[in-house]
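Reproduced below: data19.cif, with mmCIF, C-alpha atoms.
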data_coords
#
loop_
_atom_site.label_atom_id
_atom_site.label_comp_id
_atom_site.auth_asym_id
_atom_site.auth_seq_id
_atom_site.Cartn_x
_atom_site.Cartn_y
_atom_site.Cartn_z
CA MET D 156 29.47 -19.82 18.85
CA ALA D 157 27.49 -20.86 21.91
CA MET D 158 24.89 -18.38 23.08
CA GLN D 159 23.40 -17.98 26.56
CA SER D 160 19.97 -16.81 27.51
CA ASP D 161 19.69 -13.24 28.73
CA GLN D 162 20.13 -13.29 32.49
CA SER D 163 20.16 -9.52 32.90
CA ASP D 164 17.39 -7.00 33.42
CA GLN D 165 16.78 -5.41 30.03
CA SER D 166 16.00 -2.09 31.65
CA ASP D 167 19.64 -1.72 32.65
CA PRO D 168 21.88 -0.48 29.82
CA PRO D 169 25.40 -1.84 29.39
CA ALA D 170 27.85 -0.56 31.98
CA ASP D 171 30.03 1.13 29.38
CA LEU D 172 27.21 3.26 27.97
CA SER D 173 27.98 6.14 30.35
CA GLU D 174 31.40 6.42 28.76
CA THR D 175 30.11 6.99 25.25
CA HIS D 176 29.35 10.67 25.76
CA SER D 177 29.90 13.60 28.05
CA GLY D 178 27.64 15.92 29.98
CA ASP D 179 24.05 14.87 30.70
CA ARG D 180 23.57 12.81 27.51
CA PRO D 181 24.23 9.38 29.12
CA MET D 182 21.02 9.61 31.16
CA THR D 183 19.01 10.45 28.06
CA HIS D 184 20.71 7.68 26.16
CA ALA D 185 20.18 5.20 28.98
CA ALA D 186 16.43 5.75 28.99
CA ASN D 187 16.30 5.64 25.21
CA LEU D 188 18.40 2.48 25.09
CA SER D 189 16.13 0.66 27.51
CA ALA D 190 13.12 1.29 25.29
CA MET D 191 15.10 0.39 22.16
CA LEU D 192 16.20 -2.94 23.65
CA THR D 193 12.64 -3.83 24.65
CA THR D 194 11.45 -3.17 21.10
CA LEU D 195 14.43 -4.98 19.62
CA ARG D 196 13.84 -8.11 21.66
CA ALA D 197 10.27 -8.41 20.40
CA LEU D 198 11.42 -7.88 16.81
CA VAL D 199 14.26 -10.42 16.99
CA GLU D 200 12.11 -13.04 18.67
CA CYS D 201 9.68 -12.80 15.76
CA GLU D 202 11.67 -15.01 13.40
CA SER D 203 11.36 -13.89 9.80
CA PRO D 204 13.23 -15.91 7.16
CA THR D 205 12.71 -14.57 3.66
CA SER D 206 11.39 -17.87 2.34
CA ASP D 207 8.58 -18.12 4.91
CA LEU D 208 5.73 -15.92 3.71
CA SER D 209 3.67 -16.41 6.87
CA ALA D 210 6.65 -15.25 8.92
CA ALA D 211 6.95 -12.20 6.67
CA TYR D 212 3.34 -11.28 7.40
CA ALA D 213 3.87 -11.85 11.11
CA VAL D 214 6.94 -9.63 11.36
CA THR D 215 5.40 -6.75 9.39
CA GLU D 216 2.29 -6.83 11.58
CA LEU D 217 4.48 -6.88 14.67
CA ALA D 218 6.47 -3.94 13.29
CA ARG D 219 3.25 -2.01 12.82
CA SER D 220 2.34 -2.68 16.44
CA LEU D 221 5.79 -1.86 17.85
CA ALA D 222 6.16 1.34 15.83
CA VAL D 223 3.23 2.91 17.66
CA ASP D 224 5.57 3.66 20.56
CA TRP D 225 8.03 5.46 18.30
CA LEU D 226 6.20 7.22 15.49
CA PRO D 227 3.80 10.18 15.67
CA THR D 228 1.28 8.58 13.32
CA PRO D 229 0.39 4.95 12.49
CA SER D 230 2.49 2.95 10.06
CA ARG D 231 0.95 0.58 7.54
CA VAL D 232 1.44 -2.87 6.04
CA GLU D 233 0.98 -3.15 2.27
CA ILE D 234 1.22 -6.00 -0.20
CA HIS D 235 3.49 -5.60 -3.21
CA GLY D 236 4.52 -8.37 -5.56
CA GLY D 237 2.72 -10.87 -3.35
CA ARG D 238 4.77 -9.94 -0.27
CA PRO D 239 4.11 -7.67 2.72
CA VAL D 240 6.11 -4.49 3.32
CA TRP D 241 6.05 -2.07 6.24
CA ARG D 242 5.76 1.65 5.47
CA TRP D 243 5.51 4.98 7.20
CA GLY D 244 5.26 8.45 5.75
CA PRO D 245 4.57 9.54 2.17
CA ASP D 246 4.71 7.00 -0.64
CA GLN D 247 7.24 9.14 -2.51
CA PRO D 248 9.23 10.95 0.17
CA ALA D 249 12.02 13.45 -0.29
CA ILE D 250 14.17 11.41 2.10
CA LEU D 251 13.74 7.65 2.31
CA LEU D 252 14.92 5.43 5.16
CA LEU D 253 15.31 1.99 3.62
CA GLY D 254 15.71 -1.42 5.20
CA HIS D 255 14.32 -4.92 5.49
CA LEU D 256 12.68 -7.15 8.09
CA ASP D 257 13.60 -10.53 6.62
CA THR D 258 16.62 -12.53 7.77
CA VAL D 259 18.58 -15.53 6.51
CA TRP D 260 17.77 -17.56 9.63
CA PRO D 261 15.12 -20.34 9.48
CA VAL D 262 12.34 -20.56 12.03
CA GLY D 263 13.67 -22.42 15.04
CA THR D 264 17.05 -20.68 15.16
CA LEU D 265 16.03 -18.93 18.40
CA SER D 266 16.30 -22.25 20.23
CA LYS D 267 19.98 -22.36 19.28
CA ILE D 268 20.79 -18.65 19.31
CA PRO D 269 18.39 -16.94 21.71
CA PHE D 270 18.15 -13.21 22.10
CA ALA D 271 20.70 -12.22 24.77
CA ILE D 272 22.53 -9.20 26.11
CA GLN D 273 25.99 -9.79 27.50
CA GLY D 274 27.84 -6.60 28.30
CA ASP D 275 27.81 -4.49 25.16
CA ARG D 276 26.92 -7.41 22.89
CA ILE D 277 23.40 -8.22 21.75
CA THR D 278 22.99 -11.59 20.07
CA GLY D 279 20.16 -13.34 18.30
CA PRO D 280 19.14 -14.24 14.73
CA GLY D 281 19.01 -11.12 12.58
CA VAL D 282 20.01 -8.74 15.36
CA PHE D 283 22.91 -7.30 13.32
CA ASP D 284 21.40 -7.82 9.87
CA MET D 285 19.32 -5.82 10.36
CA LYS D 286 16.76 -5.51 13.14
CA VAL D 287 18.87 -3.16 15.23
CA GLY D 288 18.90 -0.82 12.23
CA VAL D 289 15.10 -0.89 12.12
CA VAL D 290 14.82 0.10 15.77
CA GLN D 291 17.45 2.81 15.39
CA GLY D 292 15.48 4.22 12.47
CA TRP D 293 12.33 4.43 14.57
CA ALA D 294 14.22 6.00 17.47
CA ALA D 295 15.74 8.60 15.13
CA LEU D 296 12.34 9.57 13.78
CA LYS D 297 11.05 10.02 17.32
CA GLU D 298 14.10 11.98 18.46
CA SER D 299 14.01 14.28 15.43
CA GLY D 300 10.38 15.22 15.99
CA ILE D 301 9.74 14.71 12.28
CA THR D 302 6.08 14.36 11.30
CA GLU D 303 4.49 12.46 8.46
CA SER D 304 4.11 15.66 6.44
CA SER D 305 7.81 16.50 6.64
CA GLY D 306 8.80 14.60 3.51
CA VAL D 307 10.57 11.75 5.29
CA GLY D 308 9.42 8.17 4.71
CA MET D 309 10.53 4.74 5.81
CA LEU D 310 10.20 1.47 3.90
CA LEU D 311 11.00 -2.02 5.21
CA THR D 312 10.78 -4.92 2.77
CA THR D 313 10.69 -8.67 3.40
CA ASP D 314 12.68 -10.11 0.48
CA GLU D 315 15.99 -8.23 0.51
CA GLU D 316 18.05 -11.27 1.48
CA THR D 317 17.05 -13.07 -1.72
CA GLY D 318 17.48 -10.16 -4.13
CA SER D 319 14.43 -7.92 -3.60
CA HIS D 320 12.76 -9.30 -6.71
CA ALA D 321 9.24 -8.65 -5.43
CA SER D 322 9.97 -5.26 -3.89
CA ARG D 323 12.37 -3.58 -6.31
CA GLU D 324 9.54 -2.06 -8.35
CA LEU D 325 8.13 -0.56 -5.14
CA ILE D 326 11.57 0.77 -4.23
CA ALA D 327 11.83 2.39 -7.66
CA GLN D 328 8.42 4.02 -7.20
CA SER D 329 9.31 5.18 -3.69
CA ILE D 330 12.36 7.16 -4.84
CA THR D 331 10.59 9.05 -7.63
CA ASN D 332 10.90 12.33 -5.69
CA ALA D 333 13.78 11.36 -3.40
CA LYS D 334 16.71 13.67 -2.76
CA ALA D 335 18.47 11.16 -0.50
CA VAL D 336 18.25 7.53 0.61
CA ILE D 337 19.64 6.33 3.93
CA VAL D 338 20.01 2.56 4.13
CA LEU D 339 19.78 1.10 7.63
CA GLU D 340 21.91 -1.95 6.88
CA PRO D 341 24.55 -2.85 9.50
CA SER D 342 28.13 -1.64 9.62
CA LEU D 343 31.24 -3.56 10.59
CA GLU D 344 32.98 -1.59 13.35
CA GLY D 345 30.74 1.38 12.55
CA ALA D 346 32.15 2.11 9.10
CA LEU D 347 29.57 3.55 6.69
CA LYS D 348 29.32 1.81 3.34
CA THR D 349 30.04 4.30 0.61
CA ARG D 350 30.71 1.81 -2.18
CA ARG D 351 29.22 -1.62 -2.91
CA LYS D 352 29.97 -4.09 -5.63
CA GLY D 353 27.30 -4.82 -8.16
CA THR D 354 26.02 -8.38 -8.39
CA SER D 355 25.09 -10.60 -11.31
CA ASN D 356 23.64 -14.08 -10.94
CA TYR D 357 23.35 -16.77 -13.58
CA LEU D 358 21.86 -20.22 -13.82
CA VAL D 359 23.29 -21.84 -16.95
CA ARG D 360 21.71 -25.06 -18.21
CA PHE D 361 23.40 -27.38 -20.69
CA HIS D 362 21.03 -29.68 -22.59
CA GLY D 363 22.69 -32.74 -24.12
CA VAL D 364 21.58 -36.25 -25.07
CA ALA D 365 21.40 -39.20 -22.70
CA SER D 366 22.77 -42.64 -23.54
CA HIS D 367 24.06 -45.74 -21.77
CA ALA D 368 27.52 -45.01 -20.38
CA GLY D 369 28.68 -48.58 -20.95
CA LEU D 370 26.82 -49.86 -23.98
CA ASP D 371 26.63 -46.77 -26.16
CA PRO D 372 28.48 -43.77 -24.68
CA ASP D 373 29.25 -42.16 -28.04
CA ARG D 374 25.59 -41.77 -28.91
CA GLY D 375 25.16 -39.36 -26.03
CA ILE D 376 26.10 -35.70 -25.73
CA ASN D 377 27.54 -35.23 -22.26
CA ALA D 378 26.04 -32.11 -20.71
CA LEU D 379 28.37 -32.44 -17.72
CA VAL D 380 31.46 -32.15 -19.92
CA ALA D 381 30.02 -29.00 -21.51
CA ALA D 382 29.36 -27.59 -18.05
CA ALA D 383 32.93 -28.37 -17.05
CA GLU D 384 34.21 -26.44 -20.05
CA PHE D 385 32.07 -23.51 -19.00
CA ILE D 386 33.28 -23.63 -15.39
CA LEU D 387 36.90 -23.57 -16.51
CA ALA D 388 36.18 -20.68 -18.88
CA THR D 389 34.70 -18.58 -16.07
CA GLN D 390 38.06 -18.56 -14.33
CA LEU D 391 39.53 -16.67 -17.26
CA TRP D 392 36.85 -13.98 -17.02
CA ARG D 393 37.89 -12.73 -13.60
CA ASP D 394 39.89 -9.53 -13.37
CA LYS D 395 42.02 -9.42 -10.24
CA LEU D 396 43.26 -5.90 -10.98
CA GLN D 397 39.70 -4.54 -11.01
CA GLU D 398 38.62 -7.01 -8.30
CA THR D 399 35.94 -8.55 -10.50
CA SER D 400 35.04 -12.03 -9.27
CA VAL D 401 33.35 -14.75 -11.30
CA THR D 402 32.52 -17.68 -9.03
CA PRO D 403 30.77 -20.93 -9.98
CA THR D 404 28.85 -21.88 -6.85
CA VAL D 405 26.27 -24.66 -7.18
CA SER D 406 26.14 -27.30 -9.91
CA ALA D 407 24.09 -30.41 -10.62
CA SER D 408 24.09 -33.10 -13.28
CA GLY D 409 23.15 -36.68 -14.01
CA THR D 410 20.51 -39.13 -12.94
CA THR D 411 22.35 -42.47 -12.62
CA THR D 412 26.01 -43.47 -12.57
CA ASN D 413 25.73 -45.45 -15.81
CA THR D 414 24.02 -42.78 -17.93
CA VAL D 415 25.58 -40.01 -20.01
CA PRO D 416 23.93 -36.93 -18.48
CA ASP D 417 21.60 -35.00 -20.75
CA LEU D 418 21.32 -32.03 -18.39
CA ALA D 419 23.80 -30.06 -16.29
CA GLU D 420 23.24 -26.84 -14.37
CA VAL D 421 25.79 -24.35 -13.08
CA ASN D 422 25.14 -21.28 -10.91
CA VAL D 423 27.59 -18.39 -11.19
CA ASP D 424 28.02 -15.41 -8.88
CA VAL D 425 29.63 -12.25 -10.34
CA ARG D 426 30.75 -9.20 -8.36
CA ALA D 427 32.19 -5.98 -9.80
CA TRP D 428 32.81 -2.40 -8.76
CA ASN D 429 31.22 -0.87 -11.85
CA ARG D 430 28.62 -1.48 -14.52
CA THR D 431 31.22 -1.74 -17.29
CA GLU D 432 32.72 -4.82 -15.68
CA GLN D 433 29.32 -6.37 -15.09
CA GLU D 434 28.47 -5.90 -18.75
CA ARG D 435 31.83 -7.32 -19.86
CA VAL D 436 31.23 -10.54 -17.92
CA ASP D 437 27.60 -10.68 -19.04
CA ASP D 438 28.73 -10.60 -22.67
CA LEU D 439 31.20 -13.43 -22.01
CA VAL D 440 28.60 -15.61 -20.34
CA ARG D 441 26.21 -15.19 -23.24
CA ALA D 442 28.89 -15.69 -25.88
CA PHE D 443 30.19 -18.98 -24.45
CA ARG D 444 30.13 -21.94 -26.83
CA SER D 445 30.93 -25.53 -25.90
CA THR D 446 32.99 -27.87 -28.07
CA LEU D 447 29.99 -30.22 -27.81
CA PRO D 448 26.69 -29.70 -29.67
CA VAL D 449 24.70 -28.89 -26.53
CA THR D 450 21.91 -26.36 -26.23
CA ILE D 451 22.72 -23.67 -23.67
CA GLU D 452 20.01 -21.93 -21.68
CA ILE D 453 20.86 -18.88 -19.56
CA VAL D 454 18.63 -17.65 -16.72
CA GLY D 455 19.46 -14.44 -14.88
CA GLY D 456 21.96 -11.70 -15.57
CA ILE D 457 22.94 -8.37 -14.04
CA ASP D 458 20.96 -8.09 -10.82
CA ARG D 459 21.97 -5.17 -8.62
CA PRO D 460 24.16 -2.52 -10.28
CA ALA D 461 27.24 -1.32 -8.42
CA MET D 462 26.81 1.43 -5.84
CA GLU D 463 29.56 3.82 -6.87
CA SER D 464 31.27 6.18 -4.44
CA ALA D 465 30.13 9.35 -6.21
CA MET D 466 26.58 8.64 -5.09
CA SER D 467 27.49 8.52 -1.40
CA ALA D 468 30.18 11.18 -1.12
CA GLU D 469 28.00 14.13 -0.11
CA LEU D 470 25.96 12.12 2.39
CA PHE D 471 29.08 10.67 3.98
CA THR D 472 30.47 14.17 4.40
CA LEU D 473 27.21 15.21 6.07
CA ALA D 474 27.34 12.19 8.41
CA GLU D 475 30.98 12.86 9.19
CA LEU D 476 30.44 16.52 10.06
CA THR D 477 27.25 15.84 12.03
CA ASN D 478 28.92 13.07 14.00
CA ARG D 479 31.81 15.40 14.84
CA GLU D 480 29.40 18.12 15.99
CA LEU D 481 27.80 15.60 18.35
CA GLY D 482 31.20 14.91 19.91
CA TYR D 483 31.61 11.32 18.79
CA PRO D 484 34.80 9.75 17.43
CA ASP D 485 35.37 10.26 13.71
CA LEU D 486 33.37 8.09 11.34
CA THR D 487 35.07 5.81 8.85
CA GLU D 488 33.92 4.54 5.48
CA CYS D 489 34.42 1.27 3.63
CA SER D 490 33.82 -0.51 0.34
CA VAL D 491 32.17 -3.93 0.47
CA GLY D 492 31.58 -6.80 -1.92
CA GLY D 493 28.02 -7.48 -0.82
CA ALA D 494 25.03 -5.73 -2.38
CA SER D 495 21.94 -4.17 -0.80
CA ASP D 496 18.90 -2.24 -1.91
CA GLY D 497 21.16 0.81 -1.76
CA ASN D 498 22.68 -0.45 -5.01
CA LEU D 499 19.28 0.01 -6.66
CA THR D 500 18.70 3.54 -5.38
CA ALA D 501 22.25 4.73 -6.15
CA ALA D 502 22.08 3.31 -9.67
CA ALA D 503 18.84 5.24 -10.16
CA GLY D 504 20.74 8.46 -9.51
CA ILE D 505 19.65 9.08 -5.92
CA PRO D 506 22.37 10.04 -3.41
CA THR D 507 22.60 7.04 -1.09
CA ILE D 508 24.50 6.27 2.10
CA ASP D 509 24.56 2.72 3.47
CA GLY D 510 25.55 1.10 6.75
CA MET D 511 23.66 3.53 9.00
CA GLY D 512 22.31 0.63 11.05
CA ALA D 513 23.83 -1.62 13.69
CA VAL D 514 27.46 -1.52 14.76
CA GLY D 515 28.77 -5.06 15.19
CA ASP D 516 29.79 -8.10 13.18
CA GLY D 517 28.76 -11.54 11.96
CA ALA D 518 26.08 -10.99 9.32
CA HIS D 519 24.66 -14.38 8.32
CA ALA D 520 26.93 -16.13 10.85
CA ASP D 521 26.14 -17.85 14.13
CA PHE D 522 28.36 -15.33 15.97
CA GLU D 523 26.23 -12.40 14.77
CA TRP D 524 26.18 -9.57 17.31
CA ALA D 525 25.39 -5.87 17.61
CA SER D 526 26.63 -3.20 19.99
CA SER D 527 24.03 -1.93 22.45
CA SER D 528 25.98 1.19 23.43
CA ALA D 529 26.15 2.26 19.78
CA MET D 530 22.37 2.22 19.33
CA PRO D 531 21.55 5.62 20.91
CA HIS D 532 24.57 7.16 19.16
CA ARG D 533 23.50 5.97 15.72
CA ALA D 534 19.90 7.01 16.34
CA GLU D 535 21.00 10.49 17.42
CA LEU D 536 23.29 10.83 14.41
CA LEU D 537 20.50 9.79 12.05
CA ALA D 538 18.02 12.17 13.69
CA LYS D 539 20.35 15.14 13.25
CA MET D 540 21.10 14.16 9.65
CA LEU D 541 17.40 13.99 8.80
CA ILE D 542 16.81 17.46 10.18
CA LYS D 543 19.70 18.85 8.15
CA LEU D 544 18.65 17.04 4.98
CA LEU D 545 15.17 18.52 5.12
CA THR D 546 16.64 22.02 4.88
CA ASP D 547 19.65 21.30 2.68
CA PRO D 548 19.26 18.16 0.53
CA PRO D 549 22.21 16.77 -1.50
CA ARG D 550 22.87 18.37 -4.85
CA THR D 551 24.24 15.21 -6.49
CA THR D 552 21.32 13.63 -8.34
CA THR D 553 22.93 11.97 -11.31
CA SER D 554 24.85 8.74 -11.80
CA SER D 555 27.03 7.55 -14.61
CA HIS D 556 24.79 4.52 -14.89
CA SER D 557 21.42 5.88 -13.87
#
Take the structure from the file and write it as structure tokens.
Amino acid sequence: MAMQSDQSDQSDPPADLSETHSGDRPMTHAANLSAMLTTLRALVECESPTSDLSAAYAVTELARSLAVDWLPTPSRVEIHGGRPVWRWGPDQPAILLLGHLDTVWPVGTLSKIPFAIQGDRITGPGVFDMKVGVVQGWAALKESGITESSGVGMLLTTDEETGSHASRELIAQSITNAKAVIVLEPSLEGALKTRRKGTSNYLVRFHGVASHAGLDPDRGINALVAAAEFILATQLWRDKLQETSVTPTVSASGTTTNTVPDLAEVNVDVRAWNRTEQERVDDLVRAFRSTLPVTIEIVGGIDRPAMESAMSAELFTLAELTNRELGYPDLTECSVGGASDGNLTAAAGIPTIDGMGAVGDGAHADFEWASSSAMPHRAELLAKMLIKLLTDPPRTTTSSHS
């Protein structure tokens, strides 16, 4: 999708913002939105692909600088697992706002998809997933008047898009005393994510024996044939009724066209709604045997457990009621196949609601966009929820797979 540079004055909110609420709120929202858009532009224009460590340091330092305008006390940048994270509030808060600053977009994407505001649509790399959510989180903290001693904390990592391998230990430590986790990931058409599939990832290597494909093919053990057997077997492990997917994605084999390959690699992506299904497929992957005498090496396994609906039910009800009290249209909820760090916190037994970030569409796509008029609404909703949670935290603190 072709993007155009922003030709409008950022201080002017979208024309339809005044229609989002009644009474004197539009003026308050208009002023708030102007500041939010200024902050957002700076954050989006600091490109931050997960794989670029220098970019990760740059975006966390920028976040620390930008947050000064929103938070009552300074935030901090810390190093965990060799990567920077941005933090504010106590290390082990009662309520954790969780998100990430990394994106899937390589440095240089801004030249193709510049930050722009066209009507209600904001475009730019990472604007929907999930830099709008970051700004909304800051705005909510400011609007709520919450201080650092309140028990609310915020954590933004820089490796979520590649599985949070460096930061998941920090996330686990951060929720030690948590009563609730609010994930600032984006939401398609505003629907909160109350259920997420769990993910498993495998790299399976087949070690055979090389030989000349023309002179002596029978002396080799063809790793590619063994890999093909495995790929075909994975299609029998899916369960359409339970919506469990087992998808071979990337494969590689061979060195020359006249050599029996001694090595083949297959990557497999597994998605399931519950831990039982993840474990069933994991057992099948590890039990696979080829008809050929290859050696099989398996890297990976169950990554993010499923985020089951029981862990989000009470928080969704709170969001729904709070949103109604504020006079906004009813919230909706959805189940999604993608995973987030909310999977980790829900599986640990902490009530978790996801999708409290941007309203829009196009995560990881060149048509990515976020709604500007929704930003003050979502920030206000989050602020009111935080205030309520501090006085009446969720009672659900167990999970069937915690």
Residues selected by the PyMOL selection byres ((chain D and resi 463) around 10), written as a ChimeraX atom specification:
/D:349-353,428-430,460-462,464-468,490,498,501-502,507,554-556
Reference answer for the PyMOL selection byres ((chain D and resi 470) around 10), as a ChimeraX atom specification
/D:335-337,349,465-469,471-476,506-509,540,544,548-549,551
Residue nearest His255 in chain D among D:Ile301, D:Leu396, D:Val338, D:Leu537 (counting only C-alpha atoms):
D:Val338
Residues within 9 Å of Thr389 in chain D, all atoms listed in the file, excluding chain neighbours under 2 positions, as a list in words
Glu384, Phe385, Ile386, Leu387, Leu391, Trp392, Arg393, Val401, Thr402, Pro403, Val423, Val436, Leu439 and Val440 of chain D
Could you check the closest approach to Pro269 in chain D for each of D:Glu523, D:Ser406, D:Asp424, D:Ser319 and tell me which residue wins, using only C-alpha atoms?
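The answer is D:Glu523, which sits nearest to Pro269 in chain D.
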Pick from D:Val259, D:Ala190, D:Ala213, D:Leu226 nearest to Gly300 in chain D, counting all atoms listed in the file:
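The answer is D:Leu226, which sits nearest to Gly300 in chain D.
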Selected residue, from D:His367, D:His362, D:Arg276, D:Arg374, that lies nearest to Pro448 in chain D when counting only C-alpha atoms
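Among D:His367, D:His362, D:Arg276, D:Arg374, it is D:His362 that comes nearest to Pro448 in chain D.
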Evaluate the PyMOL selection byres ((chain D and resi 239) around 8) here and jot the selected residues down as a list of chain:residue names.
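Written out, the selection comes to D:Ala211, D:Tyr212, D:Thr215, D:Val232, D:Glu233, D:Ile234, D:His235, D:Gly237, D:Arg238, D:Val240, D:Trp241, D:Thr312, D:Thr313.
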Residue contacts of Gly279 in chain D (7 Å, only C-alpha atoms) excluding same-chain residues fewer than 6 positions away, as an MDAnalysis selection string:
chainID D and resid 199 265 268:271
Which one is closest to Ser322 in chain D: D:Leu253, D:Lys539, D:Ser209, D:Ala383? Count all atoms listed in the file.
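Of all the options, D:Leu253 lies closest to Ser322 in chain D.
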From the set D:Leu188, D:Ala210, D:Leu499, D:Leu347, which residue has the shortest atom-to-atom contact distance to Gln328 in chain D, counting all atoms listed in the file?
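Of the candidates, the smallest distance to Gln328 in chain D is held by D:Leu499.
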Got a sec: who's within 8 Å of Val289 in chain D, counting all atoms listed in the file, leaving out chain neighbours fewer than 2 positions off, as a PDB file with C-alpha atoms, keeping the file's coordinate frame?
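As written to disk, around.pdb reads:
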ATOM      1  CA  GLY D 254      15.710  -1.420   5.200  1.00  0.00           C
ATOM      2  CA  HIS D 255      14.320  -4.920   5.490  1.00  0.00           C
ATOM      3  CA  LEU D 256      12.680  -7.150   8.090  1.00  0.00           C
ATOM      4  CA  MET D 285      19.320  -5.820  10.360  1.00  0.00           C
ATOM      5  CA  LYS D 286      16.760  -5.510  13.140  1.00  0.00           C
ATOM      6  CA  VAL D 287      18.870  -3.160  15.230  1.00  0.00           C
ATOM      7  CA  GLN D 291      17.450   2.810  15.390  1.00  0.00           C
ATOM      8  CA  GLY D 292      15.480   4.220  12.470  1.00  0.00           C
ATOM      9  CA  TRP D 293      12.330   4.430  14.570  1.00  0.00           C
ATOM     10  CA  LEU D 339      19.780   1.100   7.630  1.00  0.00           C
ATOM     11  CA  GLY D 512      22.310   0.630  11.050  1.00  0.00           C
TER      12      GLY D 512
END
To one decimal in Å, tell me the separation between CA of Phe283 in chain D and CA of Ala427 in chain D.
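It comes out at 24.9 Å.
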